[in-house]
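File shown here: protein-v5.cif, holding mmCIF, C-alpha atoms and all ligand atoms.
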```
data_final
#
loop_
_atom_site.label_atom_id
_atom_site.label_comp_id
_atom_site.auth_asym_id
_atom_site.auth_seq_id
_atom_site.Cartn_x
_atom_site.Cartn_y
_atom_site.Cartn_z
CA MET A 199 104.16 74.54 121.70
CA TRP A 200 107.63 76.18 121.58
CA ALA A 201 109.30 72.80 122.04
CA ASP A 202 107.35 71.37 119.09
CA LEU A 203 108.19 74.30 116.82
CA ALA A 204 111.85 74.75 117.86
CA PRO A 205 113.44 72.16 115.53
CA VAL A 206 111.29 72.88 112.45
CA GLY A 207 113.28 74.60 109.71
CA ARG A 208 116.26 75.36 111.95
CA ASP A 209 119.64 75.71 110.26
CA GLY A 210 122.36 73.85 112.17
CA GLY A 211 125.06 76.33 111.19
CA THR A 212 123.53 79.69 112.04
CA GLY A 213 120.88 78.58 114.52
CA GLY A 214 118.44 80.67 112.48
CA TYR A 215 115.22 79.56 110.81
CA ARG A 216 114.58 79.03 107.13
CA ARG A 217 110.85 78.58 106.91
CA TYR A 218 109.86 79.53 103.39
CA ALA A 219 106.36 79.51 101.95
CA TRP A 220 105.03 76.39 100.27
CA THR A 221 108.07 74.20 101.12
CA SER A 222 108.15 70.90 102.99
CA THR A 223 109.19 72.86 106.11
CA ASP A 224 106.14 75.09 105.67
CA ALA A 225 103.98 71.97 105.34
CA LEU A 226 105.22 70.75 108.74
CA LEU A 227 104.35 74.12 110.31
CA ARG A 228 100.88 74.11 108.77
CA GLU A 229 100.38 70.54 109.98
CA TRP A 230 101.41 71.65 113.48
CA PHE A 231 98.87 74.49 113.29
CA ARG A 232 96.08 72.11 112.24
CA GLY A 233 96.99 69.73 115.06
CA GLU A 234 96.93 72.45 117.74
CA ALA A 235 93.62 73.77 116.40
CA GLU A 236 91.90 70.42 116.09
CA GLY A 237 93.15 69.39 119.53
CA ARG A 238 91.18 72.37 120.87
CA GLY A 239 88.04 71.52 118.91
CA LEU A 240 88.51 74.38 116.44
CA GLU A 241 87.46 73.98 112.82
CA VAL A 242 90.31 74.64 110.38
CA VAL A 243 89.60 76.01 106.91
CA SER A 244 91.93 77.31 104.20
CA ASP A 245 90.95 80.41 102.24
CA ARG A 246 91.56 80.90 98.51
CA ALA A 247 95.02 82.37 99.16
CA GLY A 248 96.08 79.44 101.35
CA ASN A 249 95.86 81.22 104.72
CA LEU A 250 94.55 78.94 107.50
CA TRP A 251 91.70 79.89 109.86
CA ALA A 252 90.89 77.91 113.03
CA TRP A 253 87.41 78.83 114.20
CA HIS A 254 85.65 78.53 117.52
CA GLY A 255 81.96 79.04 116.80
CA ASP A 256 80.27 79.54 113.45
CA PRO A 257 81.36 82.70 111.63
CA GLU A 258 78.63 82.27 109.01
CA ALA A 259 75.77 82.09 111.50
CA ASP A 260 77.15 84.30 114.30
CA GLY A 261 79.90 86.34 112.66
CA PRO A 262 81.76 88.40 111.91
CA GLY A 263 84.18 87.21 114.55
CA LEU A 264 87.30 88.25 116.41
CA VAL A 265 90.48 86.96 114.75
CA LEU A 266 93.88 86.63 116.42
CA GLY A 267 97.02 85.22 114.81
CA SER A 268 100.12 85.92 112.76
CA HIS A 269 102.41 83.84 110.51
CA LEU A 270 104.78 80.87 110.80
CA ASP A 271 107.15 81.52 107.89
CA SER A 272 110.51 83.29 108.35
CA VAL A 273 113.13 85.37 106.60
CA PRO A 274 116.45 83.64 105.73
CA ASP A 275 118.13 82.82 109.08
CA GLY A 276 115.27 84.40 111.01
CA GLY A 277 114.55 84.25 114.72
CA ALA A 278 112.16 82.01 116.63
CA PHE A 279 109.64 84.68 117.63
CA ASP A 280 108.75 86.72 114.54
CA GLY A 281 105.44 85.19 113.55
CA PRO A 282 105.14 82.10 115.76
CA LEU A 283 104.84 84.16 118.96
CA GLY A 284 101.54 85.60 117.71
CA ILE A 285 100.09 82.18 116.90
CA VAL A 286 101.36 80.35 119.99
CA SER A 287 100.13 83.22 122.20
CA ALA A 288 96.71 83.14 120.54
CA PHE A 289 96.29 79.41 121.24
CA ALA A 290 97.51 79.92 124.82
CA ALA A 291 95.12 82.86 125.32
CA LEU A 292 92.15 80.87 124.06
CA ASP A 293 93.09 78.17 126.60
CA ARG A 294 92.74 80.75 129.40
CA VAL A 295 89.24 81.86 128.40
CA ASP A 296 85.95 80.17 129.31
CA ARG A 297 84.73 79.67 125.75
CA SER A 298 81.14 79.04 126.86
CA THR A 299 80.91 82.75 127.83
CA LEU A 300 81.85 84.07 124.37
CA ARG A 301 79.18 85.85 122.34
CA ARG A 302 81.14 86.06 119.09
CA PRO A 303 83.06 83.45 117.09
CA VAL A 304 86.83 83.62 117.57
CA ALA A 305 89.46 82.47 115.07
CA ILE A 306 93.20 82.03 115.05
CA ALA A 307 94.72 82.81 111.65
CA CYS A 308 97.95 81.49 110.17
CA PHE A 309 98.87 83.74 107.25
CA ALA A 310 100.80 82.25 104.34
CA ASP A 311 104.06 83.73 103.05
CA GLU A 312 104.21 86.83 105.26
CA GLU A 313 107.93 87.47 104.87
CA GLY A 314 108.06 87.07 101.11
CA ALA A 315 111.44 85.36 101.53
CA ARG A 316 110.91 82.95 98.65
CA PHE A 317 108.94 84.91 96.03
CA GLY A 318 109.87 88.49 96.93
CA VAL A 319 106.45 89.90 97.85
CA ALA A 320 105.88 90.40 101.58
CA CYS A 321 102.45 89.62 103.08
CA ALA A 322 101.54 87.67 99.93
CA GLY A 323 98.81 85.68 101.73
CA SER A 324 96.98 88.70 103.12
CA ARG A 325 97.52 90.73 99.94
CA LEU A 326 95.93 87.94 97.88
CA LEU A 327 93.11 87.57 100.40
CA THR A 328 92.25 91.27 100.15
CA GLY A 329 92.84 91.50 96.41
CA VAL A 330 95.69 94.03 96.47
CA LEU A 331 98.08 91.48 94.91
CA ASP A 332 96.97 90.44 91.44
CA PRO A 333 96.54 86.63 91.33
CA ASP A 334 98.14 86.29 87.89
CA ARG A 335 101.16 88.30 89.01
CA ALA A 336 101.44 86.16 92.18
CA ARG A 337 101.16 82.86 90.35
CA ALA A 338 103.99 83.89 88.01
CA LEU A 339 106.42 85.04 90.75
CA THR A 340 109.52 82.83 90.80
CA ASP A 341 111.93 81.76 93.52
CA ASP A 342 115.72 81.56 93.10
CA ASP A 343 115.38 78.11 91.48
CA GLY A 344 112.87 79.32 88.90
CA THR A 345 109.88 77.60 90.56
CA THR A 346 106.73 79.69 90.25
CA MET A 347 104.44 80.39 93.17
CA ALA A 348 101.72 78.48 91.30
CA GLU A 349 103.96 75.41 91.03
CA ALA A 350 104.99 75.68 94.69
CA MET A 351 101.37 76.00 95.86
CA ALA A 352 100.30 73.04 93.73
CA ALA A 353 103.19 70.90 95.05
CA ALA A 354 102.04 71.76 98.60
CA GLY A 355 98.46 70.70 97.81
CA HIS A 356 96.89 74.16 97.44
CA ASP A 357 95.04 74.88 94.19
CA PRO A 358 96.68 77.96 92.60
CA ALA A 359 93.80 78.36 90.13
CA GLY A 360 91.46 79.34 92.98
CA VAL A 361 93.70 82.12 94.33
CA ASP A 362 91.80 85.41 94.33
CA ARG A 363 90.26 88.01 96.63
CA ASP A 364 88.17 85.94 99.05
CA GLU A 365 84.92 87.71 99.92
CA GLU A 366 83.59 84.88 102.07
CA THR A 367 86.65 84.90 104.33
CA LEU A 368 86.80 88.71 104.52
CA ARG A 369 83.14 88.84 105.56
CA ARG A 370 83.93 86.62 108.54
CA ILE A 371 86.59 88.96 110.01
CA GLY A 372 85.03 91.52 112.36
CA THR A 373 88.25 92.53 114.11
CA PHE A 374 91.85 91.34 113.73
CA VAL A 375 94.45 91.60 116.50
CA GLU A 376 98.01 90.45 115.77
CA LEU A 377 100.51 90.01 118.59
CA HIS A 378 104.14 90.27 117.47
CA VAL A 379 107.61 90.42 118.99
CA GLU A 380 108.81 94.03 118.92
CA GLN A 381 111.31 94.77 116.15
CA GLY A 382 113.12 97.56 117.95
CA ARG A 383 113.90 98.82 121.44
CA ALA A 384 111.09 101.25 122.21
CA LEU A 385 109.57 98.99 124.88
CA VAL A 386 113.00 98.42 126.46
CA ASP A 387 113.46 102.19 126.66
CA GLN A 388 109.98 102.62 128.18
CA SER A 389 110.37 99.66 130.59
CA ALA A 390 107.07 98.23 129.35
CA PRO A 391 106.49 94.54 128.53
CA LEU A 392 103.76 95.32 125.96
CA GLY A 393 102.84 98.02 123.48
CA VAL A 394 100.02 98.80 121.05
CA ALA A 395 100.77 99.77 117.43
CA GLU A 396 99.89 103.25 116.27
CA ALA A 397 100.79 103.06 112.56
CA ILE A 398 103.03 101.29 110.07
CA TRP A 399 105.44 103.54 108.22
CA PRO A 400 105.15 103.79 104.45
CA HIS A 401 107.66 101.36 102.94
CA GLY A 402 108.74 99.76 99.68
CA ARG A 403 111.25 97.70 97.74
CA TRP A 404 113.13 98.93 94.69
CA ARG A 405 115.51 97.26 92.23
CA LEU A 406 118.65 98.84 90.78
CA ASP A 407 119.73 97.31 87.45
CA LEU A 408 123.39 98.28 87.03
CA LEU A 409 124.96 97.30 83.71
CA GLY A 410 128.63 97.17 82.75
CA ARG A 411 130.94 94.99 80.69
CA ALA A 412 132.46 91.70 81.82
CA ASP A 413 136.21 91.61 81.45
CA HIS A 414 139.42 90.16 82.89
CA ALA A 415 140.35 91.40 86.38
CA GLY A 416 144.06 91.25 85.59
CA THR A 417 144.52 92.36 82.00
CA THR A 418 141.93 95.15 81.71
CA ARG A 419 143.39 98.61 82.39
CA LEU A 420 141.44 100.68 84.91
CA ALA A 421 140.72 103.31 82.27
CA ASP A 422 139.18 100.69 79.98
CA ARG A 423 136.77 99.23 82.52
CA ASN A 424 133.00 99.56 82.71
CA ASP A 425 132.49 98.18 86.23
CA PRO A 426 128.92 98.34 87.62
CA MET A 427 130.19 97.43 91.09
CA LEU A 428 131.40 101.03 91.43
CA ALA A 429 127.87 102.30 90.81
CA LEU A 430 126.66 99.88 93.45
CA ALA A 431 129.20 101.26 95.95
CA ASN A 432 127.92 104.79 95.31
CA ALA A 433 124.33 103.59 95.73
CA VAL A 434 125.02 101.84 99.05
CA LEU A 435 126.81 104.84 100.54
CA GLU A 436 124.12 107.21 99.26
CA ALA A 437 121.37 105.02 100.76
CA ARG A 438 122.90 105.62 104.18
CA ALA A 439 123.59 109.32 103.64
CA ALA A 440 120.18 110.07 102.10
CA ALA A 441 118.38 108.20 104.88
CA GLU A 442 120.19 110.34 107.46
CA ARG A 443 119.35 113.54 105.55
CA HIS A 444 115.67 112.69 105.09
CA GLY A 445 114.94 111.07 108.47
CA THR A 446 114.21 107.58 107.13
CA VAL A 447 115.93 104.21 107.06
CA ALA A 448 117.28 102.56 103.90
CA THR A 449 118.97 99.22 103.32
CA VAL A 450 120.69 97.40 100.48
CA GLY A 451 120.48 93.81 101.69
CA LYS A 452 120.30 91.70 98.55
CA LEU A 453 122.53 91.54 95.49
CA ARG A 454 122.89 89.51 92.32
CA VAL A 455 126.25 89.75 90.57
CA ARG A 456 126.98 88.40 87.08
CA PRO A 457 129.14 86.46 86.38
CA ASN A 458 130.00 86.54 90.13
CA GLY A 459 133.64 85.51 89.73
CA VAL A 460 136.53 86.74 91.87
CA ASN A 461 138.70 87.42 88.83
CA ALA A 462 136.00 88.86 86.57
CA ILE A 463 134.81 92.44 86.31
CA PRO A 464 131.02 92.11 86.61
CA SER A 465 128.81 92.57 83.57
CA GLU A 466 125.74 93.23 85.69
CA VAL A 467 124.93 93.98 89.32
CA THR A 468 121.34 93.91 90.52
CA ALA A 469 120.72 95.39 93.96
CA TRP A 470 117.56 95.68 95.99
CA LEU A 471 116.82 98.74 98.13
CA ASP A 472 114.40 98.68 101.05
CA ALA A 473 113.36 102.14 102.27
CA ARG A 474 110.92 103.19 105.02
CA GLY A 475 110.14 106.21 107.11
CA PRO A 476 107.41 108.21 108.82
CA LEU A 477 106.76 110.34 105.71
CA ALA A 478 106.14 108.93 102.21
CA ASP A 479 107.73 111.95 100.46
CA ALA A 480 110.93 111.50 102.45
CA VAL A 481 111.10 107.80 101.53
CA ARG A 482 110.61 108.64 97.84
CA ALA A 483 113.31 111.32 98.04
CA VAL A 484 115.78 108.75 99.38
CA VAL A 485 114.97 106.37 96.53
CA ALA A 486 115.45 109.13 93.96
CA ASP A 487 118.80 110.13 95.49
CA VAL A 488 120.04 106.54 95.51
CA GLY A 489 119.04 106.09 91.87
CA LYS A 490 120.87 109.31 90.93
CA ALA A 491 124.02 108.17 92.78
CA ALA A 492 123.92 104.88 90.87
CA GLY A 493 123.13 106.51 87.54
CA VAL A 494 119.85 104.62 87.04
CA THR A 495 116.16 104.95 87.86
CA ALA A 496 115.20 102.60 90.68
CA VAL A 497 112.46 100.17 89.61
CA GLU A 498 109.65 99.98 92.17
CA GLU A 499 108.78 96.36 93.05
CA SER A 500 106.37 97.13 95.88
CA TRP A 501 105.02 100.14 97.76
CA THR A 502 102.82 100.22 100.84
CA PRO A 503 101.51 103.62 101.96
CA SER A 504 101.34 104.61 105.61
CA THR A 505 98.87 102.38 107.44
CA ASP A 506 97.01 103.77 110.42
CA PHE A 507 95.41 101.20 112.67
CA ASP A 508 91.79 101.65 113.76
CA ALA A 509 91.99 104.55 116.23
CA ASP A 510 89.09 103.47 118.46
CA LEU A 511 90.37 99.91 118.71
CA ARG A 512 93.95 101.08 119.33
CA ASP A 513 92.91 103.47 122.11
CA ARG A 514 90.62 100.88 123.67
CA LEU A 515 93.37 98.26 123.76
CA ALA A 516 95.95 100.73 125.07
CA ASP A 517 93.48 101.64 127.81
CA VAL A 518 92.42 98.07 128.74
CA LEU A 519 96.01 96.81 128.68
CA ALA A 520 97.59 100.00 130.12
CA ALA A 521 100.17 99.79 127.32
CA PRO A 522 102.08 102.53 125.46
CA VAL A 523 101.38 103.28 121.78
CA LEU A 524 104.26 102.86 119.27
CA ALA A 525 104.84 103.39 115.54
CA THR A 526 106.66 100.69 113.58
CA GLY A 527 108.80 100.45 110.47
CA ALA A 528 107.83 96.83 109.79
CA GLY A 529 104.98 95.68 107.56
CA HIS A 530 102.54 93.08 108.86
CA ASP A 531 99.41 91.21 107.77
CA ALA A 532 97.48 93.34 110.28
CA GLY A 533 98.51 96.39 108.24
CA ILE A 534 97.24 94.81 105.02
CA LEU A 535 93.88 94.03 106.65
CA ALA A 536 93.70 97.55 108.15
CA ALA A 537 94.35 99.05 104.72
CA ALA A 538 91.48 96.90 103.39
CA GLY A 539 89.12 98.54 105.89
CA ILE A 540 89.04 95.81 108.53
CA PRO A 541 89.37 97.09 112.12
CA ALA A 542 92.82 95.80 113.04
CA ALA A 543 95.29 96.29 115.86
CA MET A 544 98.71 95.03 116.89
CA LEU A 545 100.29 94.25 120.23
CA PHE A 546 104.09 94.19 120.57
CA VAL A 547 105.97 92.10 123.12
CA ARG A 548 109.26 93.54 124.42
CA ASN A 549 112.41 92.27 122.71
CA PRO A 550 115.43 92.86 124.98
CA THR A 551 117.94 92.73 122.11
CA GLY A 552 115.81 94.97 119.88
CA VAL A 553 117.10 92.77 117.04
CA SER A 554 114.77 90.93 114.69
CA HIS A 555 114.97 88.96 111.45
CA SER A 556 117.98 87.34 113.18
CA PRO A 557 118.58 84.46 115.61
CA ALA A 558 119.37 87.17 118.21
CA GLU A 559 115.68 88.13 118.34
CA HIS A 560 114.31 87.30 121.79
CA ALA A 561 111.47 87.69 124.28
CA GLU A 562 111.62 86.73 127.95
CA THR A 563 109.11 84.13 129.09
CA GLY A 564 107.55 86.57 131.56
CA ASP A 565 106.90 89.08 128.78
CA CYS A 566 105.49 86.35 126.52
CA LEU A 567 103.09 85.37 129.31
CA ALA A 568 102.09 89.03 129.69
CA GLY A 569 101.29 88.90 125.98
CA VAL A 570 99.14 85.80 126.46
CA ALA A 571 97.28 87.47 129.33
CA ALA A 572 96.75 90.54 127.16
CA LEU A 573 95.30 88.48 124.31
CA ALA A 574 93.01 86.71 126.78
CA ARG A 575 91.80 90.19 127.87
CA VAL A 576 91.31 91.07 124.21
CA ILE A 577 89.13 87.96 123.70
CA GLU A 578 87.09 88.70 126.83
CA THR A 579 86.70 92.36 125.89
CA LEU A 580 85.94 92.01 122.17
CA ALA A 581 84.23 88.61 121.95
ZN ZN A 601 106.31 88.95 111.42
#
```

Write-out of the structure in structure tokens:
Amino acid sequence: MWADLAPVGRDGGTGGYRRYAWTSTDALLREWFRGEAEGRGLEVVSDRAGNLWAWHGDPEADGPGLVLGSHLDSVPDGGAFDGPLGIVSAFAALDRVDRSTLRRPVAIACFADEEGARFGVACAGSRLLTGVLDPDRARALTDDDGTTMAEAMAAAGHDPAGVDRDEETLRRIGTFVELHVEQGRALVDQSAPLGVAEAIWPHGRWRLDLLGRADHAGTTRLADRNDPMLALANAVLEARAAAERHGTVATVGKLRVRPNGVNAIPSEVTAWLDARGPLADAVRAVVADVGKAAGVTAVEESWTPSTDFDADLRDRLADVLAAPVLATGAGHDAGILAAAGIPAAMLFVRNPTGVSHSPAEHAETGDCLAGVAALARVIETLA
């Protein structure tokens, strides 16, 4: 399965992946998913949001079922493991189980547009499925070329008019378990190949609209300039300082500069701030401090409160798998489902570099196989 996926959406220059939602690359990944599922005799259905579900057994007659899975899309220049490891491991785990002994239906899910790399909203597929993302707002989201999500879905053969909270699909999910490469070094520090998620930190994205006046970089005296890049510099430095003060993390990772010329003072700088931490109030304090440093009010584009995973399920998995319990700063589809009241859990596979959303992200084969064995235990225990 890795060999089949390895070339899809890989950038020759960086070695990273560019697998964006509803593109021709995404279509190849979804086709791969269908092929793997149908080769195993699973029935593949798409929900209203465009997430794919490969079912063993009949979730209508015998459900709700156990669902494993993750996503196949990536951030810009992402790594090979974030997303695909959860889906590949789920297929491999199902191969290890005697399916005739299962009492509950089991599905493998492939969530659409988890990273939000193209349209700016992370976990768009699961948010649409559960109804926390308004369908009209989603359809109108645009990518950098001005293509709307509705147009992109339609071009990929998914009907955007049908996108809405999907009761039928939600009813079928009894339990969701997402395996994911760890996005940090906690498992390295604890010398453990696997961990179980405790909670997802509250997190959000904010936009800073910094306005100035375009002018000539050579002829305009310093005293006469209105340069929004200076406000940006203050904001970036304050993001770091405020995060240290409040015990959070904060990142300015995306910018839009107008007119974006080397010899032009910018007229407008738009910056995006990502902030996360264990406590919501601390995250909000960082955002307020950054806005003050930049002289603007940060515009909230998304906010996800702290998500606690199902405590009974978490403790049961930690016990069965003898794995440590970890908190995470990354959002996931499992968190969206948990917030919607579905019993959900996550397993993390050790990442020796601790790096993710980068080609440096890694997992050793032995640890990946431990993850497969763990998911097979999950199927045997819960289904
Ligand atoms: Zn992921």

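Atom pair atom CA of A:Arg403 / atom CA of A:Ile540: separated by 24.8 Å.
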
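The protein and nucleic acid residues lying at most 7 Å from A:Val523 are Gly393, Val394, Ala395, Glu396 and Ala516 of chain A, with only C-alpha atoms considered and sequence neighbours fewer than 6 positions away removed.
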
Q. If you measure from atom CA of A:Ala437 to atom CA of A:Val488, what distance in Å do you get, rounded to one decimal?
A. 5.6 Å

Q) Interatomic distance between atom CA of A:His560 and atom CA of A:Phe309? A) 21.5 Å

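The closest residue to A:Pro282, picked from A:Leu270, A:Ala543, A:Leu368, A:Ala478 and counting all atoms listed in the file, is A:Leu270.
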
Q) Which residues form the shell of 8 Å around ligand ZN 601 (chain A) when you count all atoms listed in the file, given as an NGL selection string? A) :A and (268-269 or 272 or 280-281 or 312-313 or 378-379 or 529-530)
